[in-house]
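For reference, my_file.pdb is printed below; it contains PDB, C-alpha atoms.
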```pdb
ATOM      1  CA  MET D   1      75.389 -41.978  41.870  1.00  0.00           C
ATOM      2  CA  ILE D   2      73.404 -45.179  41.928  1.00  0.00           C
ATOM      3  CA  LEU D   3      72.118 -44.599  45.464  1.00  0.00           C
ATOM      4  CA  LEU D   4      70.754 -41.185  44.523  1.00  0.00           C
ATOM      5  CA  GLU D   5      68.544 -42.872  41.949  1.00  0.00           C
ATOM      6  CA  GLN D   6      66.872 -44.747  44.793  1.00  0.00           C
ATOM      7  CA  LEU D   7      65.315 -41.520  46.072  1.00  0.00           C
ATOM      8  CA  LYS D   8      61.666 -41.311  45.145  1.00  0.00           C
ATOM      9  CA  LYS D   9      61.299 -37.568  44.831  1.00  0.00           C
ATOM     10  CA  ILE D  10      64.770 -36.034  44.477  1.00  0.00           C
ATOM     11  CA  ASN D  11      66.933 -36.098  41.369  1.00  0.00           C
ATOM     12  CA  SER D  12      70.686 -35.396  41.273  1.00  0.00           C
ATOM     13  CA  GLU D  13      70.284 -31.703  40.515  1.00  0.00           C
ATOM     14  CA  GLN D  14      67.834 -31.204  43.385  1.00  0.00           C
ATOM     15  CA  PHE D  15      70.084 -33.129  45.763  1.00  0.00           C
ATOM     16  CA  ILE D  16      73.028 -30.887  44.899  1.00  0.00           C
ATOM     17  CA  GLY D  17      70.813 -27.834  45.508  1.00  0.00           C
ATOM     18  CA  ILE D  18      69.805 -29.233  48.890  1.00  0.00           C
ATOM     19  CA  MET D  19      73.414 -29.806  49.901  1.00  0.00           C
ATOM     20  CA  GLU D  20      74.355 -26.289  48.771  1.00  0.00           C
ATOM     21  CA  SER D  21      71.467 -24.809  50.746  1.00  0.00           C
ATOM     22  CA  LEU D  22      72.742 -26.595  53.860  1.00  0.00           C
ATOM     23  CA  SER D  23      76.183 -24.986  53.516  1.00  0.00           C
ATOM     24  CA  ASP D  24      75.265 -21.743  55.284  1.00  0.00           C
ATOM     25  CA  PRO D  25      75.053 -21.366  59.086  1.00  0.00           C
ATOM     26  CA  ILE D  26      72.144 -18.910  58.846  1.00  0.00           C
ATOM     27  CA  ARG D  27      70.082 -21.438  56.877  1.00  0.00           C
ATOM     28  CA  ILE D  28      70.986 -24.200  59.335  1.00  0.00           C
ATOM     29  CA  ASN D  29      69.785 -21.928  62.150  1.00  0.00           C
ATOM     30  CA  ILE D  30      66.509 -21.263  60.313  1.00  0.00           C
ATOM     31  CA  LEU D  31      65.970 -25.005  59.799  1.00  0.00           C
ATOM     32  CA  GLU D  32      66.640 -25.625  63.489  1.00  0.00           C
ATOM     33  CA  LEU D  33      64.004 -23.027  64.378  1.00  0.00           C
ATOM     34  CA  MET D  34      61.541 -24.919  62.179  1.00  0.00           C
ATOM     35  CA  MET D  35      62.150 -28.100  64.174  1.00  0.00           C
ATOM     36  CA  GLY D  36      59.598 -26.690  66.613  1.00  0.00           C
ATOM     37  CA  GLY D  37      56.956 -26.391  63.877  1.00  0.00           C
ATOM     38  CA  GLU D  38      55.731 -23.647  61.588  1.00  0.00           C
ATOM     39  CA  ILE D  39      57.287 -20.218  61.911  1.00  0.00           C
ATOM     40  CA  CYS D  40      56.927 -16.864  60.170  1.00  0.00           C
ATOM     41  CA  VAL D  41      59.725 -14.552  59.062  1.00  0.00           C
ATOM     42  CA  CYS D  42      58.896 -12.027  61.792  1.00  0.00           C
ATOM     43  CA  ASP D  43      59.553 -14.665  64.470  1.00  0.00           C
ATOM     44  CA  ILE D  44      62.818 -15.720  62.816  1.00  0.00           C
ATOM     45  CA  VAL D  45      63.878 -12.048  62.780  1.00  0.00           C
ATOM     46  CA  LYS D  46      63.089 -11.753  66.511  1.00  0.00           C
ATOM     47  CA  VAL D  47      65.112 -14.860  67.407  1.00  0.00           C
ATOM     48  CA  THR D  48      68.107 -14.270  65.146  1.00  0.00           C
ATOM     49  CA  GLY D  49      68.310 -10.478  65.185  1.00  0.00           C
ATOM     50  CA  LEU D  50      68.887 -10.501  61.430  1.00  0.00           C
ATOM     51  CA  SER D  51      67.040  -8.205  59.034  1.00  0.00           C
ATOM     52  CA  GLN D  52      63.799  -9.274  57.376  1.00  0.00           C
ATOM     53  CA  SER D  53      65.398  -8.993  53.927  1.00  0.00           C
ATOM     54  CA  LYS D  54      68.327 -11.239  54.925  1.00  0.00           C
ATOM     55  CA  ILE D  55      65.959 -13.860  56.366  1.00  0.00           C
ATOM     56  CA  SER D  56      63.753 -13.694  53.255  1.00  0.00           C
ATOM     57  CA  TYR D  57      66.811 -14.255  51.051  1.00  0.00           C
ATOM     58  CA  HIS D  58      67.754 -17.413  52.962  1.00  0.00           C
ATOM     59  CA  ILE D  59      64.133 -18.621  53.128  1.00  0.00           C
ATOM     60  CA  LYS D  60      63.951 -18.395  49.333  1.00  0.00           C
ATOM     61  CA  ILE D  61      67.047 -20.596  48.972  1.00  0.00           C
ATOM     62  CA  LEU D  62      65.631 -23.165  51.410  1.00  0.00           C
ATOM     63  CA  LYS D  63      62.262 -23.132  49.657  1.00  0.00           C
ATOM     64  CA  ASP D  64      63.806 -23.427  46.178  1.00  0.00           C
ATOM     65  CA  SER D  65      65.824 -26.429  47.373  1.00  0.00           C
ATOM     66  CA  GLY D  66      62.629 -28.128  48.581  1.00  0.00           C
ATOM     67  CA  LEU D  67      63.703 -28.351  52.222  1.00  0.00           C
ATOM     68  CA  ILE D  68      60.829 -26.165  53.384  1.00  0.00           C
ATOM     69  CA  SER D  69      57.311 -25.368  52.282  1.00  0.00           C
ATOM     70  CA  ASP D  70      54.969 -22.518  53.086  1.00  0.00           C
ATOM     71  CA  ARG D  71      51.332 -21.682  53.602  1.00  0.00           C
ATOM     72  CA  GLN D  72      49.647 -18.327  53.690  1.00  0.00           C
ATOM     73  CA  GLU D  73      47.158 -17.337  56.361  1.00  0.00           C
ATOM     74  CA  GLY D  74      45.834 -13.831  55.826  1.00  0.00           C
ATOM     75  CA  ARG D  75      48.822 -11.551  55.437  1.00  0.00           C
ATOM     76  CA  TRP D  76      51.215 -13.970  57.139  1.00  0.00           C
ATOM     77  CA  VAL D  77      53.242 -16.712  55.501  1.00  0.00           C
ATOM     78  CA  TYR D  78      54.263 -19.650  57.660  1.00  0.00           C
ATOM     79  CA  TYR D  79      57.197 -21.894  56.807  1.00  0.00           C
ATOM     80  CA  LYS D  80      57.848 -25.465  57.856  1.00  0.00           C
ATOM     81  CA  LEU D  81      60.208 -28.332  57.111  1.00  0.00           C
ATOM     82  CA  ASP D  82      59.233 -30.579  54.195  1.00  0.00           C
ATOM     83  CA  LEU D  83      59.289 -33.910  56.011  1.00  0.00           C
ATOM     84  CA  GLU D  84      58.986 -35.974  52.831  1.00  0.00           C
ATOM     85  CA  VAL D  85      62.160 -34.460  51.379  1.00  0.00           C
ATOM     86  CA  LEU D  86      63.984 -34.848  54.692  1.00  0.00           C
ATOM     87  CA  SER D  87      62.871 -38.476  54.847  1.00  0.00           C
ATOM     88  CA  ASP D  88      64.200 -39.098  51.326  1.00  0.00           C
ATOM     89  CA  ILE D  89      67.557 -37.605  52.332  1.00  0.00           C
ATOM     90  CA  GLN D  90      67.610 -39.703  55.500  1.00  0.00           C
ATOM     91  CA  ASN D  91      66.917 -42.861  53.485  1.00  0.00           C
ATOM     92  CA  TRP D  92      69.658 -42.007  51.009  1.00  0.00           C
ATOM     93  CA  MET D  93      72.146 -41.377  53.829  1.00  0.00           C
ATOM     94  CA  GLY D  94      71.173 -44.675  55.462  1.00  0.00           C
ATOM     95  CA  ASN D  95      71.736 -46.505  52.187  1.00  0.00           C
ATOM     96  CA  LEU D  96      75.071 -44.758  51.770  1.00  0.00           C
ATOM     97  CA  ILE D  97      76.198 -45.836  55.234  1.00  0.00           C
ATOM     98  CA  GLN D  98      74.948 -49.377  54.737  1.00  0.00           C
ATOM     99  CA  SER D  99      76.617 -49.803  51.350  1.00  0.00           C
ATOM    100  CA  SER D 100      79.866 -48.258  52.617  1.00  0.00           C
ATOM    101  CA  SER D 101      80.172 -50.916  55.277  1.00  0.00           C
ATOM    102  CA  SER D 102      80.069 -53.723  52.686  1.00  0.00           C
ATOM    103  CA  LYS D 103      83.414 -55.239  51.791  1.00  0.00           C
ATOM    104  CA  ARG D 104      84.222 -55.722  48.155  1.00  0.00           C
ATOM    105  CA  SER D 105      86.785 -57.897  46.521  1.00  0.00           C
ATOM    106  CA  CYS D 106      88.931 -56.798  43.621  1.00  0.00           C
ATOM    107  CA  GLU D 107      89.257 -60.327  42.300  1.00  0.00           C
TER
END
```
Could the structure of this file be written out as structure tokens, please?
Amino acid sequence: MILLEQLKKINSEQFIGIMESLSDPIRINILELMMGGEICVCDIVKVTGLSQSKISYHIKILKDSGLISDRQEGRWVYYKLDLEVLSDIQNWMGNLIQSSSSKRSCE
């Protein structure tokens, strides 16, 4: 995985964790909710109709993968997308696309 080495912040193990965390529709939905900015678990529960414990489980996976970060304000914890990690993934994907379009000769 030569291209993966080009990422500044993410190593192979972290990248695999990120891809695994993206494999669940609930987590994709949570990430899409965060596209609008910071959000707390209570608001995710309201929008999705899922239990607080189920949302917390998925939030932990997203946080452990590095896709999201949090900040505490009083008794509330707000979650948001980690734009640096998403940018690294975007750059890697762009490099993958660019290198895939190159023709190679077997000679």
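We find atom CA of Lys60 of chain D and atom CA of Gly94 of chain D to be spaced 27.9 Å apart.
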Any chance you could work out the axis-aligned box around segment 19-35 of chain D, listed atoms only, 5 Å on each side, giving centre and edge lengths in Å to one decimal, as lines of an AutoDock Vina configuration file?
```
center_x = 68.9
center_y = -24.4
center_z = 56.6
size_x = 24.6
size_y = 20.9
size_z = 25.6
```
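Every protein, DNA or RNA residue with an atom at most 9 Å from His58 of chain D, where only C-alpha atoms count and chain neighbours fewer than 4 positions away do not, is listed here: D:Ser21, D:Asp24, D:Ile26, D:Arg27, D:Ile30, D:Ser53, D:Lys54, D:Leu62, D:Lys63.
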Those same residues - C-alpha atoms - I'd like them written as an mmCIF file, in the coordinates of the input.
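Saved as selection.cif:
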```cif
data_model
loop_
_atom_site.group_PDB
_atom_site.id
_atom_site.type_symbol
_atom_site.label_atom_id
_atom_site.label_comp_id
_atom_site.auth_asym_id
_atom_site.auth_seq_id
_atom_site.Cartn_x
_atom_site.Cartn_y
_atom_site.Cartn_z
ATOM 1 C CA SER D 21 71.467 -24.809 50.746
ATOM 2 C CA ASP D 24 75.265 -21.743 55.284
ATOM 3 C CA ILE D 26 72.144 -18.910 58.846
ATOM 4 C CA ARG D 27 70.082 -21.438 56.877
ATOM 5 C CA ILE D 30 66.509 -21.263 60.313
ATOM 6 C CA SER D 53 65.398 -8.993 53.927
ATOM 7 C CA LYS D 54 68.327 -11.239 54.925
ATOM 8 C CA LEU D 62 65.631 -23.165 51.410
ATOM 9 C CA LYS D 63 62.262 -23.132 49.657
#
```
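Among the candidates D:Gly17, D:Ser102, D:Asp64, D:Val41, the one nearest to Trp76 of chain D when counting all atoms listed in the file is D:Val41.
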Could you list, as a compact mmCIF listing (two decimals) with C-alpha atoms, in the coordinates of the input, every residue within 6 Å of segment 65-75 of chain D, counting all atoms listed in the file and ignoring same-chain residues fewer than 6 positions away?
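Heads up, here's the output in out39.txt:
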```txt
# COMPACT_ATOMS: atom_id res chain seq x y z
CA GLY D 17 70.81 -27.83 45.51
CA ILE D 18 69.81 -29.23 48.89
CA LEU D 81 60.21 -28.33 57.11
CA ASP D 82 59.23 -30.58 54.20
```
